[in-house]
Structures are given as structure tokens and as C-alpha cells.
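coords-v5.cif follows (mmCIF, C-alpha atoms):
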```cif
data_my_file
#
loop_
_atom_site.label_atom_id
_atom_site.label_comp_id
_atom_site.auth_asym_id
_atom_site.auth_seq_id
_atom_site.Cartn_x
_atom_site.Cartn_y
_atom_site.Cartn_z
CA ASP A 1 41.27 -140.27 169.08
CA ALA A 2 39.97 -137.07 170.67
CA GLY A 3 36.88 -138.80 172.01
CA VAL A 4 33.34 -137.51 171.71
CA ILE A 5 33.43 -133.75 171.31
CA GLN A 6 30.56 -131.56 172.44
CA SER A 7 30.13 -127.85 172.10
CA PRO A 8 29.56 -125.52 173.74
CA ARG A 9 30.59 -126.65 177.21
CA HIS A 10 28.34 -124.07 178.81
CA GLU A 11 25.39 -122.19 177.39
CA VAL A 12 23.31 -119.52 179.04
CA THR A 13 20.32 -118.27 177.13
CA GLU A 14 17.12 -116.40 177.68
CA MET A 15 13.75 -118.06 177.66
CA GLY A 16 12.30 -118.21 174.19
CA GLN A 17 15.63 -118.29 172.41
CA GLU A 18 16.79 -121.09 170.15
CA VAL A 19 19.62 -123.26 171.44
CA THR A 20 21.73 -125.63 169.38
CA LEU A 21 24.00 -128.20 170.94
CA ARG A 22 26.62 -129.95 168.84
CA CYS A 23 28.30 -133.32 168.94
CA LYS A 24 31.09 -135.02 167.02
CA PRO A 25 31.16 -138.76 167.73
CA ILE A 26 34.21 -140.98 167.66
CA SER A 27 35.20 -141.90 164.14
CA GLY A 28 33.99 -145.39 163.27
CA HIS A 29 31.23 -145.47 165.85
CA ASN A 30 27.85 -146.26 164.32
CA SER A 31 25.49 -145.20 167.11
CA LEU A 32 24.99 -141.82 168.70
CA PHE A 33 22.94 -140.97 171.76
CA TRP A 34 21.67 -137.76 173.36
CA TYR A 35 21.04 -137.89 177.10
CA ARG A 36 19.83 -135.25 179.51
CA GLN A 37 20.86 -135.18 183.17
CA THR A 38 18.94 -133.36 185.88
CA MET A 39 18.82 -133.74 189.63
CA MET A 40 15.15 -134.58 189.54
CA ARG A 41 15.09 -137.08 186.69
CA GLY A 42 18.65 -138.37 186.51
CA LEU A 43 19.97 -139.51 183.14
CA GLU A 44 17.32 -139.76 180.47
CA LEU A 45 17.75 -140.86 176.89
CA LEU A 46 16.33 -138.29 174.53
CA ILE A 47 17.09 -139.88 171.17
CA TYR A 48 19.52 -142.21 169.53
CA PHE A 49 20.73 -142.75 165.99
CA ASN A 50 22.14 -145.81 164.33
CA ASN A 51 24.01 -145.29 161.07
CA ASN A 52 22.69 -141.70 161.07
CA VAL A 53 19.05 -142.83 161.23
CA PRO A 54 16.92 -141.95 164.28
CA ILE A 55 15.91 -145.20 165.95
CA ASP A 56 14.27 -144.20 169.22
CA ASP A 57 13.08 -140.66 169.87
CA SER A 58 10.52 -141.57 172.50
CA GLY A 59 12.44 -139.61 175.10
CA MET A 60 12.25 -136.30 173.27
CA PRO A 61 10.15 -134.18 175.64
CA GLU A 62 8.06 -132.31 173.12
CA ASP A 63 8.04 -130.66 169.74
CA ARG A 64 10.37 -127.95 170.96
CA PHE A 65 13.19 -130.49 170.81
CA SER A 66 14.64 -131.77 167.56
CA ALA A 67 17.78 -133.69 166.68
CA LYS A 68 19.58 -134.34 163.45
CA MET A 69 22.51 -136.39 162.26
CA PRO A 70 23.29 -135.30 158.71
CA ASN A 71 26.41 -137.46 158.52
CA ALA A 72 28.41 -139.93 160.56
CA SER A 73 30.59 -137.26 162.12
CA PHE A 74 28.10 -134.67 163.34
CA SER A 75 24.85 -134.34 165.25
CA THR A 76 22.84 -131.46 166.65
CA LEU A 77 20.19 -131.16 169.32
CA LYS A 78 18.04 -128.07 168.99
CA ILE A 79 15.61 -126.55 171.44
CA GLN A 80 13.25 -123.91 170.10
CA PRO A 81 11.90 -122.07 172.00
CA SER A 82 13.87 -122.79 175.15
CA GLU A 83 12.28 -122.74 178.61
CA PRO A 84 13.77 -122.60 182.11
CA ARG A 85 12.78 -126.24 182.72
CA ASP A 86 15.15 -127.24 179.91
CA SER A 87 18.08 -126.30 182.12
CA ALA A 88 20.20 -129.44 182.46
CA VAL A 89 23.42 -131.08 181.37
CA TYR A 90 23.09 -132.58 177.91
CA PHE A 91 25.39 -135.45 177.05
CA CYS A 92 26.22 -136.90 173.70
CA ALA A 93 27.64 -140.42 173.55
CA SER A 94 28.69 -142.75 170.78
CA SER A 95 29.32 -146.46 170.50
CA PHE A 96 30.19 -149.15 168.04
CA LEU A 97 27.87 -152.09 168.03
CA PRO A 98 28.74 -154.78 165.52
CA VAL A 99 25.95 -156.97 164.22
CA GLN A 100 27.39 -159.78 166.26
CA GLY A 101 30.00 -159.23 168.86
CA MET A 102 30.91 -157.41 171.98
CA ASP A 103 29.44 -154.21 173.23
CA TYR A 104 32.13 -152.08 174.80
CA GLY A 105 29.75 -149.49 176.13
CA TYR A 106 29.32 -145.89 175.28
CA THR A 107 31.91 -143.15 175.18
CA PHE A 108 30.45 -139.94 176.52
CA GLY A 109 31.32 -136.38 175.69
CA SER A 110 31.97 -133.84 178.41
CA GLY A 111 28.43 -132.54 178.24
CA THR A 112 26.88 -129.13 177.71
CA ARG A 113 25.51 -127.37 180.75
CA LEU A 114 22.48 -125.41 179.57
CA THR A 115 20.96 -122.69 181.68
CA VAL A 116 17.80 -121.01 180.49
CA VAL A 117 16.94 -117.82 182.39
CA ALA B 118 10.59 -151.95 180.42
CA GLN B 119 13.81 -152.43 182.27
CA THR B 120 14.52 -150.58 185.50
CA VAL B 121 17.72 -150.11 187.46
CA THR B 122 17.72 -149.36 191.18
CA GLN B 123 20.54 -148.01 193.29
CA SER B 124 19.31 -147.92 196.85
CA GLN B 125 22.30 -146.10 198.35
CA PRO B 126 22.20 -142.39 197.49
CA GLU B 127 25.46 -141.81 199.37
CA MET B 128 28.32 -143.92 200.64
CA SER B 129 31.61 -143.09 202.28
CA VAL B 130 34.77 -145.09 202.83
CA GLN B 131 38.12 -144.57 204.45
CA GLU B 132 41.01 -144.22 202.07
CA ALA B 133 42.65 -147.62 201.34
CA GLU B 134 39.57 -149.50 202.53
CA THR B 135 37.07 -151.48 200.46
CA VAL B 136 33.56 -150.36 199.61
CA THR B 137 30.68 -152.06 197.80
CA LEU B 138 28.00 -150.19 195.87
CA SER B 139 24.71 -151.95 195.28
CA CYS B 140 22.61 -152.19 192.14
CA THR B 141 19.56 -154.24 191.28
CA TYR B 142 17.67 -154.35 188.04
CA ASP B 143 14.47 -155.70 186.65
CA THR B 144 14.19 -157.32 183.26
CA SER B 145 12.45 -160.17 181.50
CA GLU B 146 15.35 -160.61 179.11
CA SER B 147 17.95 -163.32 179.45
CA ASP B 148 20.77 -161.69 177.53
CA TYR B 149 22.00 -158.21 178.31
CA TYR B 150 24.93 -156.08 179.43
CA LEU B 151 25.50 -154.31 182.71
CA PHE B 152 27.82 -151.39 183.29
CA TRP B 153 29.17 -149.18 186.02
CA TYR B 154 29.97 -145.59 185.10
CA LYS B 155 31.81 -143.05 187.21
CA GLN B 156 31.03 -139.33 187.10
CA PRO B 157 33.58 -137.20 188.95
CA PRO B 158 33.02 -133.49 189.63
CA SER B 159 34.31 -132.74 186.13
CA ARG B 160 30.97 -134.38 185.05
CA GLN B 161 32.67 -136.62 182.48
CA MET B 162 30.98 -140.04 182.37
CA ILE B 163 33.67 -142.71 182.52
CA LEU B 164 33.10 -146.42 181.96
CA VAL B 165 34.46 -148.35 184.93
CA ILE B 166 33.51 -151.93 184.21
CA ARG B 167 31.12 -154.02 182.14
CA GLN B 168 29.56 -157.45 182.45
CA GLU B 169 27.89 -159.71 179.91
CA ALA B 170 24.92 -161.54 181.37
CA TYR B 171 25.80 -164.76 179.60
CA LYS B 172 29.15 -164.91 181.38
CA GLN B 173 29.25 -166.56 184.78
CA GLN B 174 32.60 -165.06 185.65
CA ASN B 175 32.55 -161.73 187.42
CA ALA B 176 34.34 -158.91 185.62
CA THR B 177 37.38 -157.24 187.17
CA GLU B 178 39.35 -154.15 186.20
CA ASN B 179 42.30 -153.54 188.50
CA ARG B 180 40.84 -152.38 191.85
CA PHE B 181 37.27 -152.63 190.57
CA SER B 182 35.28 -155.84 190.51
CA VAL B 183 31.65 -156.81 190.34
CA ASN B 184 29.48 -159.39 192.02
CA PHE B 185 26.97 -160.41 189.38
CA GLN B 186 24.08 -162.51 190.64
CA LYS B 187 21.87 -163.14 187.63
CA ALA B 188 19.10 -165.00 189.42
CA ALA B 189 18.85 -162.27 192.02
CA LYS B 190 19.24 -159.55 189.37
CA SER B 191 21.97 -157.96 191.39
CA PHE B 192 25.13 -156.26 190.15
CA SER B 193 27.27 -154.72 192.87
CA LEU B 194 30.57 -152.89 192.42
CA LYS B 195 33.46 -153.44 194.79
CA ILE B 196 36.24 -150.90 194.97
CA SER B 197 39.35 -152.14 196.73
CA ASP B 198 42.10 -149.96 198.18
CA SER B 199 39.96 -146.83 197.77
CA GLN B 200 41.78 -143.74 196.59
CA LEU B 201 40.88 -140.07 196.77
CA GLY B 202 40.41 -140.07 193.02
CA ASP B 203 37.60 -142.59 193.35
CA ALA B 204 35.34 -139.91 194.81
CA ALA B 205 32.49 -139.51 192.33
CA MET B 206 28.93 -140.39 191.46
CA TYR B 207 28.64 -144.00 190.37
CA PHE B 208 25.89 -145.09 188.02
CA CYS B 209 24.77 -148.61 187.29
CA ALA B 210 23.36 -149.14 183.80
CA TYR B 211 21.60 -151.83 181.80
CA ARG B 212 21.49 -152.48 178.08
CA SER B 213 19.73 -155.17 176.12
CA ARG B 214 22.02 -157.32 174.05
CA PHE B 215 19.65 -157.33 171.14
CA GLY B 216 17.31 -154.68 169.89
CA ASN B 217 17.23 -151.26 171.49
CA GLU B 218 20.72 -150.00 172.24
CA LYS B 219 19.80 -147.50 174.89
CA LEU B 220 21.37 -147.55 178.32
CA THR B 221 19.00 -147.40 181.27
CA PHE B 222 20.66 -145.80 184.27
CA GLY B 223 20.09 -146.01 187.98
CA THR B 224 19.85 -142.87 190.08
CA GLY B 225 23.45 -143.03 191.20
CA THR B 226 25.46 -143.37 194.41
CA ARG B 227 27.67 -140.54 195.58
CA LEU B 228 30.90 -141.97 196.96
CA THR B 229 33.02 -139.94 199.35
CA ILE B 230 36.55 -140.96 200.25
CA ILE B 231 37.68 -140.02 203.74
CA PRO B 232 41.41 -139.28 203.95
#
```
So, in terms of C-alpha cells, how does the structure I just supplied come out?
Amino acid sequence: DAGVIQSPRHEVTEMGQEVTLRCKPISGHNSLFWYRQTMMRGLELLIYFNNNVPIDDSGMPEDRFSAKMPNASFSTLKIQPSEPRDSAVYFCASSFLPVQGMDYGYTFGSGTRLTVV
Amino acid sequence: AQTVTQSQPEMSVQEAETVTLSCTYDTSESDYYLFWYKQPPSRQMILVIRQEAYKQQNATENRFSVNFQKAAKSFSLKISDSQLGDAAMYFCAYRSRFGNEKLTFGTGTRLTIIP
């Protein structure tokens, strides 16, 4: 398996522009997570999906952020309009959590480093 | 809400020596999972070791082991025979066993290996 695949690896954009980050989870995983990492706030959960349905979006900063998971193999995180304070590394992760059984933790993608100038 | 605290922002250890990274957490739940993740300069988050709260036995993975003290809500990571490749940020994380699947992370400990 190729693991969790994120694109792009780096993104530089101007303030006010729309940014779309992409994620392909591991095949067979039923949960997908978007995290943001900054020096000031560490790793924060933005949103997570279970079986393609958003379960907890309480971490989404504001209406400028939106996330979708149209099918089990693809998710996007969109920021519109982007602001300099959105600059961070955005991680996607996936996991398989059976109804009863072991949790083997998340598998993370390599992250997207977003810089908004 | 659960919180995870890593009180050591930075640690260093001589190559081949042993180092212990500390982690404490706060929860009212009795059943949960604890994890240690490693983030090298490549920024990839790599799962190092995991522990189920209902298990008394401490988890081990090769040179990595944990000291899980449930009553004290402590979950430290011991790295034996430290290698240069162990240099990274190490994050402790908590997840409920039931309900919300999110991982709550600590602030991390930067580990430096001295040759």
C-alpha cells in the first residue's frame, strides 16, 4: 500500500486566494482526519469523517474552511479566502476502527506545507 | 475534555544511551488508547508504540518501551540504545476507546542524539 497520499506537498499562495488540499486515504480505512500543525498551537484536529460522513468538525476555524469526502478514497480541505494566519502544515490521516476490536492508530500522510503571503 | 501534557520541550542523549520522555494526561474515562508518534525533520508522523489502557502489561517495540501508570495517568517512553536516527520530535497522544475517534496530542519533545 502506498500509504496516505497528500497533495500538494508545498503550496504558496497569495492572501485572498482559494486553496485546495487533497488526500487519498489507505484503501479499507473507514476514518479520515484533517489536522493542522503550527508552532503556536501544535497539532489540532480540524475535522474527521467516518464512512465518508463528517463526525466532528468542531475544530474547523471558521467558515473559510470546508472539507468534503465524496467517496472512500478521496477528501479535500478547502480554504477560501486564504489568510496569512492559515500558514501551517496540514496533515491528513486515516485509520480503520472496527466496531469492536483493536485500534492500530492513525497512518499520516506527509503533510502539505501551506504558506499564505 | 482530555488533555495531554509533555513537560520536556527538549531532551538530549548520548548515542547508545537510554532516554525517557515523559507524558501525563488527564481524563475521566477508564478505557482509552495511548500512543507515541515520532516526527523526524521530514515531518512524516510515524507511530512508534501504542498502549491499551485496559492492559496492565507495558508495550514494547524493539528498542522502544513504555511505562504506563494508569492511576498516575502517566505514559513515558523509554528509548534504549539511542541511535542517530531517533532524533526527532516525539508526540504523546490520547484517544478514547469508545465514541470520538480523535487523537489529542501533547506539545511534543524534541530529542537530540549526541554522537
Inset, instruction - Kindly provide, as number ranges by chain, the residues of chain B having any atom no farther than 7 Å from an atom of chain A, counting all atoms listed in the file. - result: B: 160-162, 222, 224
Inset, instruction - Pull the neighbourhood of (25.3, -126.2, 172.7) for me: all residues within 7 Å in file coordinates, counting only C-alpha atoms, as a VMD selection string. - result: chain A and resid 7 to 9 11 19 to 22 112
Cut-off 8 Å: closest range 174-229 of chain B/range 129-133 of chain B atom pairs per residue, using all atoms listed in the file, as a tab-separated table:
```
residue	atom	partner	partner_atom	distance
B:Ser197	CA	B:Ala133	CA	7.3
B:Asp198	CA	B:Ala133	CA	4.0
B:Ser199	CA	B:Ala133	CA	4.5
B:Gln200	CA	B:Glu132	CA	5.6
B:Leu201	CA	B:Glu132	CA	6.7
B:Leu228	CA	B:Ser129	CA	5.5
B:Thr229	CA	B:Ser129	CA	4.5
```
Legend entry - Output check: residues returned by the PyMOL selection byres ((chain A and resi 69) around 9), as a list in words: Leu32, Phe49, Asn52, Val53, Pro54, Ala67, Lys68, Pro70, Asn71, Ala72, Ser73, Phe74, Ser75 and Thr76 of chain A
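In this structure, CA of Ile26 in chain A sits 24.4 Å away from CA of Met206 in chain B.
Comparing B:Ala204, B:Glu218, B:Gln119, B:Ile231 by their smallest distance to Pro158 in chain B, the closest is B:Ala204 (using all atoms listed in the file).
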Inset, instruction - I need the residue set behind the PyMOL selection byres ((chain A and resi 12) around 6) for this file; please write it as a PyMOL selection string. - result: chain A and resi 11+13+114-116
Legend entry - Result set of the PyMOL selection byres ((chain B and resi 169) around 10) on the coordinates above, as a PyMOL selection string: (chain A and resi 102-103) or (chain B and resi 148-152+167-168+170-176+185+212+214)
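Distance annotation: of B:Lys219, B:Thr135, B:Glu146, B:Ala210, the residue with the minimal separation from Arg180 in chain B is B:Thr135; atom set is only C-alpha atoms.
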Inset, instruction - May I ask for the distance between CA of Tyr211 in chain B and CA of Val121 in chain B, given in Å to one decimal place? - result: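 Rounded to one decimal, the two atoms are 7.1 Å apart.
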Inset, instruction - Using CA of Ser159 in chain B and CA of Phe208 in chain B as the two end points, give the distance in Å to one decimal. - result: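 According to the coordinates, CA of Ser159 in chain B and CA of Phe208 in chain B are separated by 15.1 Å.
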